[in-house]
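Undergrad: So here's data.cif, just mmCIF, C-alpha atoms:
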data_run
#
loop_
_atom_site.group_PDB
_atom_site.id
_atom_site.type_symbol
_atom_site.label_atom_id
_atom_site.label_comp_id
_atom_site.auth_asym_id
_atom_site.auth_seq_id
_atom_site.Cartn_x
_atom_site.Cartn_y
_atom_site.Cartn_z
ATOM 1 C CA MET A 1 -68.173 -111.778 -109.323
ATOM 2 C CA ILE A 2 -67.521 -115.471 -108.785
ATOM 3 C CA THR A 3 -68.639 -118.622 -110.592
ATOM 4 C CA ALA A 4 -67.864 -122.322 -110.471
ATOM 5 C CA GLU A 5 -65.797 -123.950 -113.189
ATOM 6 C CA ALA A 6 -66.654 -124.541 -116.100
ATOM 7 C CA LYS A 7 -69.967 -123.629 -117.759
ATOM 8 C CA GLY A 8 -70.252 -120.385 -115.816
ATOM 9 C CA ILE A 9 -66.934 -119.023 -117.128
ATOM 10 C CA PRO A 10 -68.181 -117.643 -120.481
ATOM 11 C CA LEU A 11 -71.150 -116.070 -118.697
ATOM 12 C CA ILE A 12 -69.108 -114.385 -115.979
ATOM 13 C CA HIS A 13 -66.506 -113.263 -118.506
ATOM 14 C CA GLU A 14 -69.168 -111.439 -120.527
ATOM 15 C CA LEU A 15 -70.821 -109.990 -117.417
ATOM 16 C CA ALA A 16 -67.469 -108.639 -116.259
ATOM 17 C CA ARG A 17 -66.752 -107.212 -119.705
ATOM 18 C CA GLN A 18 -70.095 -105.419 -119.838
ATOM 19 C CA ALA A 19 -69.616 -104.111 -116.294
ATOM 20 C CA HIS A 20 -66.102 -102.859 -117.226
ATOM 21 C CA GLU A 21 -64.616 -105.064 -114.508
ATOM 22 C CA ASP A 22 -61.066 -106.309 -114.981
ATOM 23 C CA LYS A 23 -61.321 -109.159 -112.476
ATOM 24 C CA TYR A 24 -63.674 -112.000 -111.699
ATOM 25 C CA PHE A 25 -63.140 -115.184 -109.736
ATOM 26 C CA VAL A 26 -63.498 -118.843 -110.697
ATOM 27 C CA ALA A 27 -63.887 -121.576 -108.100
ATOM 28 C CA ARG A 28 -62.013 -124.538 -109.549
ATOM 29 C CA LYS A 29 -63.165 -128.159 -109.354
ATOM 30 C CA GLY A 30 -59.618 -129.281 -108.697
ATOM 31 C CA GLU A 31 -56.721 -127.738 -106.834
ATOM 32 C CA LYS A 32 -54.188 -126.368 -109.330
ATOM 33 C CA LEU A 33 -50.412 -126.324 -108.836
ATOM 34 C CA TYR A 34 -50.285 -122.519 -108.951
ATOM 35 C CA MET A 35 -52.764 -122.158 -106.070
ATOM 36 C CA THR A 36 -51.529 -121.167 -102.624
ATOM 37 C CA ASN A 37 -53.333 -120.804 -99.290
ATOM 38 C CA VAL A 38 -56.333 -122.530 -100.846
ATOM 39 C CA PHE A 39 -59.894 -122.136 -99.570
ATOM 40 C CA LYS A 40 -62.254 -125.044 -100.270
ATOM 41 C CA SER A 41 -65.914 -125.952 -99.963
ATOM 42 C CA GLU A 42 -67.712 -129.239 -100.663
ATOM 43 C CA VAL A 43 -70.817 -129.480 -102.832
ATOM 44 C CA LYS A 44 -73.231 -132.294 -103.689
ATOM 45 C CA SER A 45 -74.658 -131.295 -107.036
ATOM 46 C CA ILE A 46 -77.449 -133.170 -108.796
ATOM 47 C CA THR A 47 -75.357 -133.126 -111.978
ATOM 48 C CA THR A 48 -72.534 -135.183 -110.477
ATOM 49 C CA GLU A 49 -72.612 -138.590 -108.823
ATOM 50 C CA ASN A 50 -70.177 -137.864 -105.999
ATOM 51 C CA LYS A 51 -69.419 -134.894 -103.809
ATOM 52 C CA GLN A 52 -67.265 -132.270 -105.444
ATOM 53 C CA THR A 53 -64.935 -129.787 -103.846
ATOM 54 C CA LEU A 54 -64.605 -126.219 -105.100
ATOM 55 C CA TYR A 55 -61.258 -124.497 -104.607
ATOM 56 C CA LEU A 56 -60.412 -120.806 -104.441
ATOM 57 C CA ASP A 57 -56.863 -119.526 -104.677
ATOM 58 C CA GLY A 58 -55.663 -117.617 -101.624
ATOM 59 C CA GLN A 59 -54.582 -114.652 -103.768
ATOM 60 C CA ASP A 60 -58.109 -114.390 -105.159
ATOM 61 C CA ALA A 61 -59.493 -114.686 -101.651
ATOM 62 C CA ALA A 62 -57.316 -111.764 -100.531
ATOM 63 C CA LEU A 63 -58.721 -109.632 -103.356
ATOM 64 C CA MET A 64 -62.258 -110.555 -102.271
ATOM 65 C CA LYS A 65 -61.837 -109.535 -98.637
ATOM 66 C CA GLY A 66 -64.278 -106.786 -97.686
ATOM 67 C CA LYS A 67 -65.692 -106.613 -101.233
ATOM 68 C CA ARG A 68 -69.271 -107.133 -102.388
ATOM 69 C CA ILE A 69 -69.344 -110.274 -104.542
ATOM 70 C CA LEU A 70 -72.049 -111.434 -106.965
ATOM 71 C CA ILE A 71 -72.418 -115.214 -107.292
ATOM 72 C CA VAL A 72 -73.115 -116.296 -110.878
ATOM 73 C CA ASP A 73 -74.231 -119.766 -111.997
ATOM 74 C CA ASP A 74 -75.586 -121.261 -115.190
ATOM 75 C CA VAL A 75 -78.481 -123.331 -113.781
ATOM 76 C CA ILE A 76 -79.821 -123.396 -110.230
ATOM 77 C CA SER A 77 -81.684 -126.486 -109.094
ATOM 78 C CA THR A 78 -81.006 -127.539 -105.514
ATOM 79 C CA GLY A 79 -78.833 -124.521 -104.723
ATOM 80 C CA GLN A 80 -75.959 -126.669 -103.442
ATOM 81 C CA SER A 81 -73.448 -125.089 -105.812
ATOM 82 C CA LEU A 82 -74.601 -121.628 -104.768
ATOM 83 C CA ASP A 83 -74.165 -122.586 -101.116
ATOM 84 C CA ALA A 84 -70.617 -123.809 -101.780
ATOM 85 C CA LEU A 85 -69.736 -120.587 -103.608
ATOM 86 C CA GLU A 86 -71.282 -118.518 -100.829
ATOM 87 C CA SER A 87 -69.191 -120.440 -98.300
ATOM 88 C CA LEU A 88 -66.008 -119.673 -100.267
ATOM 89 C CA VAL A 89 -66.861 -115.968 -100.461
ATOM 90 C CA GLU A 90 -67.545 -115.814 -96.724
ATOM 91 C CA LYS A 91 -64.361 -117.763 -95.841
ATOM 92 C CA ALA A 92 -62.426 -115.229 -97.936
ATOM 93 C CA GLY A 93 -64.024 -112.333 -96.043
ATOM 94 C CA GLY A 94 -66.159 -111.202 -98.974
ATOM 95 C CA ILE A 95 -69.759 -110.061 -98.757
ATOM 96 C CA VAL A 96 -72.330 -111.854 -100.938
ATOM 97 C CA SER A 97 -74.277 -109.050 -102.603
ATOM 98 C CA GLY A 98 -76.470 -111.243 -104.804
ATOM 99 C CA LYS A 99 -76.975 -114.586 -106.505
ATOM 100 C CA MET A 100 -77.967 -115.016 -110.129
ATOM 101 C CA ALA A 101 -78.283 -117.619 -112.856
ATOM 102 C CA ILE A 102 -79.429 -118.003 -116.405
ATOM 103 C CA LEU A 103 -81.966 -120.710 -115.577
ATOM 104 C CA ALA A 104 -83.775 -122.016 -112.500
ATOM 105 C CA GLU A 105 -85.410 -125.419 -112.318
ATOM 106 C CA GLY A 106 -87.649 -127.148 -109.810
ATOM 107 C CA ASP A 107 -87.910 -125.585 -106.359
ATOM 108 C CA ALA A 108 -85.265 -122.991 -107.219
ATOM 109 C CA GLN A 109 -87.948 -121.169 -109.204
ATOM 110 C CA GLN A 110 -89.704 -120.329 -105.920
ATOM 111 C CA ARG A 111 -86.657 -118.875 -104.157
ATOM 112 C CA ASP A 112 -86.623 -115.161 -103.511
ATOM 113 C CA ASP A 113 -82.873 -114.913 -102.862
ATOM 114 C CA ILE A 114 -81.829 -115.481 -106.478
ATOM 115 C CA ILE A 115 -82.360 -113.697 -109.766
ATOM 116 C CA TYR A 116 -82.682 -115.774 -112.918
ATOM 117 C CA LEU A 117 -83.605 -115.098 -116.521
ATOM 118 C CA GLU A 118 -85.901 -118.009 -117.271
ATOM 119 C CA LYS A 119 -87.518 -121.115 -115.814
ATOM 120 C CA LEU A 120 -86.193 -124.454 -116.992
ATOM 121 C CA PRO A 121 -89.018 -126.974 -117.339
ATOM 122 C CA LEU A 122 -88.753 -130.413 -115.764
ATOM 123 C CA PHE A 123 -89.950 -133.517 -117.587
ATOM 124 C CA ASN A 124 -91.299 -136.891 -116.523
ATOM 125 C CA PRO A 125 -89.540 -140.064 -117.747
ATOM 126 C CA ASP A 126 -92.189 -140.399 -120.487
ATOM 127 C CA GLY A 127 -91.312 -136.953 -121.841
ATOM 128 C CA THR A 128 -94.371 -135.129 -120.546
ATOM 129 C CA LEU A 129 -93.973 -131.860 -118.713
ATOM 130 C CA LYS A 130 -93.953 -132.074 -114.895
ATOM 131 C CA GLN A 131 -96.596 -129.930 -113.281
#
Could you spell out this file's structure in structure tokens?
TA:
Amino acid sequence: MITAEAKGIPLIHELARQAHEDKYFVARKGEKLYMTNVFKSEVKSITTENKQTLYLDGQDAALMKGKRILIVDDVISTGQSLDALESLVEKAGGIVSGKMAILAEGDAQQRDDIIYLEKLPLFNPDGTLKQ
């Protein structure tokens, strides 16, 4: 399993615990000093003003190679973060086995390549529900 830093970490930690998995992966929003042979992927998320880069440690990438990896996110809207995570998994030689989130908003609710628990409503500036 892999998620992007930071809100997905508690979710993926609990999923790994329930699945009796000892290891999961976190794509960091900044390159850390301990990282070597770093893999990176850019993302333009609607929750941030500028492009972000997600980083994956080379040691984690080596553990991913040839393995089936589930991508986990908190909220899916445009899918840009999912695409960036998928790119990291593929660069590492992993196989994306599925994509999931807690919530899906907007057009993401119509996608058939993700699993989510609930729809997140969108609102107009006046507070009314978008149809």
Undergrad: Pick out the residues sitting within 12 Å of stretch 122-130 of chain A, and hand them over as a PyMOL selection string; count all atoms listed in the file, and ignore anything fewer than 6 positions along from it in its own chain.
TA: chain A and resi 77+103-109
Undergrad: Keeping only C-alpha atoms, write those residues as a compact mmCIF listing (two decimals), keeping the file's coordinate frame.
TA:
# COMPACT_ATOMS: atom_id res chain seq x y z
CA SER A 77 -81.68 -126.49 -109.09
CA LEU A 103 -81.97 -120.71 -115.58
CA ALA A 104 -83.78 -122.02 -112.50
CA GLU A 105 -85.41 -125.42 -112.32
CA GLY A 106 -87.65 -127.15 -109.81
CA ASP A 107 -87.91 -125.58 -106.36
CA ALA A 108 -85.26 -122.99 -107.22
CA GLN A 109 -87.95 -121.17 -109.20
Undergrad: Which polymer residues have any atom within 7 Å of an atom of stretch 70-74 of chain A, counting all atoms listed in the file, with same-chain residues fewer than 5 positions away left out, as an MDAnalysis selection string?
TA: chainID A and resid 1:3 7:8 12 96:103
Undergrad: Would you mind listing what lies within 12 Å of A:Tyr24 as a count of residues only, with only C-alpha atoms counted and same-chain residues fewer than 2 positions away left out?
TA: 31
Undergrad: Contacts of stretch 34-45 of chain A at 7 Å or less, counting only C-alpha atoms, minus same-chain residues fewer than 3 places along, as a list in words?
TA: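 Listed by chain and then number, they are Glu31, Thr48, Asn50, Lys51, Gln52, Thr53, Leu54, Tyr55, Leu56, Asp57, Gly58, Gln80, Ser81, Ala84, Ser87 and Leu88 of chain A.
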Undergrad: Between atom CA of A:Ile95 and atom CA of A:Thr78, what is the distance, to one decimal in Å?
TA: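 Interatomic distance, atom CA of A:Ile95 to atom CA of A:Thr78: 21.9 Å.
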Undergrad: Quick one: which residues end up in the PyMOL selection byres ((chain A and resi 92) around 7) for this structure, as a compact mmCIF listing (two decimals) with C-alpha atoms, in the coordinates of the input?
TA:
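Result file is result_23.txt:
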# COMPACT_ATOMS: atom_id res chain seq x y z
CA ALA A 61 -59.49 -114.69 -101.65
CA ALA A 62 -57.32 -111.76 -100.53
CA MET A 64 -62.26 -110.56 -102.27
CA LYS A 65 -61.84 -109.54 -98.64
CA LEU A 88 -66.01 -119.67 -100.27
CA VAL A 89 -66.86 -115.97 -100.46
CA GLU A 90 -67.54 -115.81 -96.72
CA LYS A 91 -64.36 -117.76 -95.84
CA GLY A 93 -64.02 -112.33 -96.04
CA GLY A 94 -66.16 -111.20 -98.97
Undergrad: Find the axis-aligned box for stretch 49-62 of chain A, covering all its listed atoms and adding 4 Å on each side, and write its centre and edge lengths in Å to one decimal as lines of an AutoDock Vina configuration file.
TA:
center_x = -63.6
center_y = -125.2
center_z = -104.7
size_x = 26.0
size_y = 34.8
size_z = 16.3
Undergrad: In Å, rounded to a single decimal, give me how far atom CA of A:Asp83 is from atom CA of A:Phe25.
TA: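 Going from atom CA of A:Phe25 over to atom CA of A:Asp83, I get 15.8 Å.
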Undergrad: Quick one, how far is atom CA of A:Leu117 from atom CA of A:Lys29?
TA: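 Between these atoms lies a distance of 25.3 Å.
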Undergrad: Could you tell me which of A:Asp113, A:Gly30, A:Lys23, A:Lys119 comes closest to A:Ala6 if we count all atoms listed in the file?
TA: A:Gly30
Undergrad: Calculated over only C-alpha atoms, which of the candidates A:Val75, A:Gln59, A:Leu33, A:Arg28 has the smallest distance to A:Ile115?
TA: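 Among the listed residues, A:Val75 lies closest to A:Ile115.
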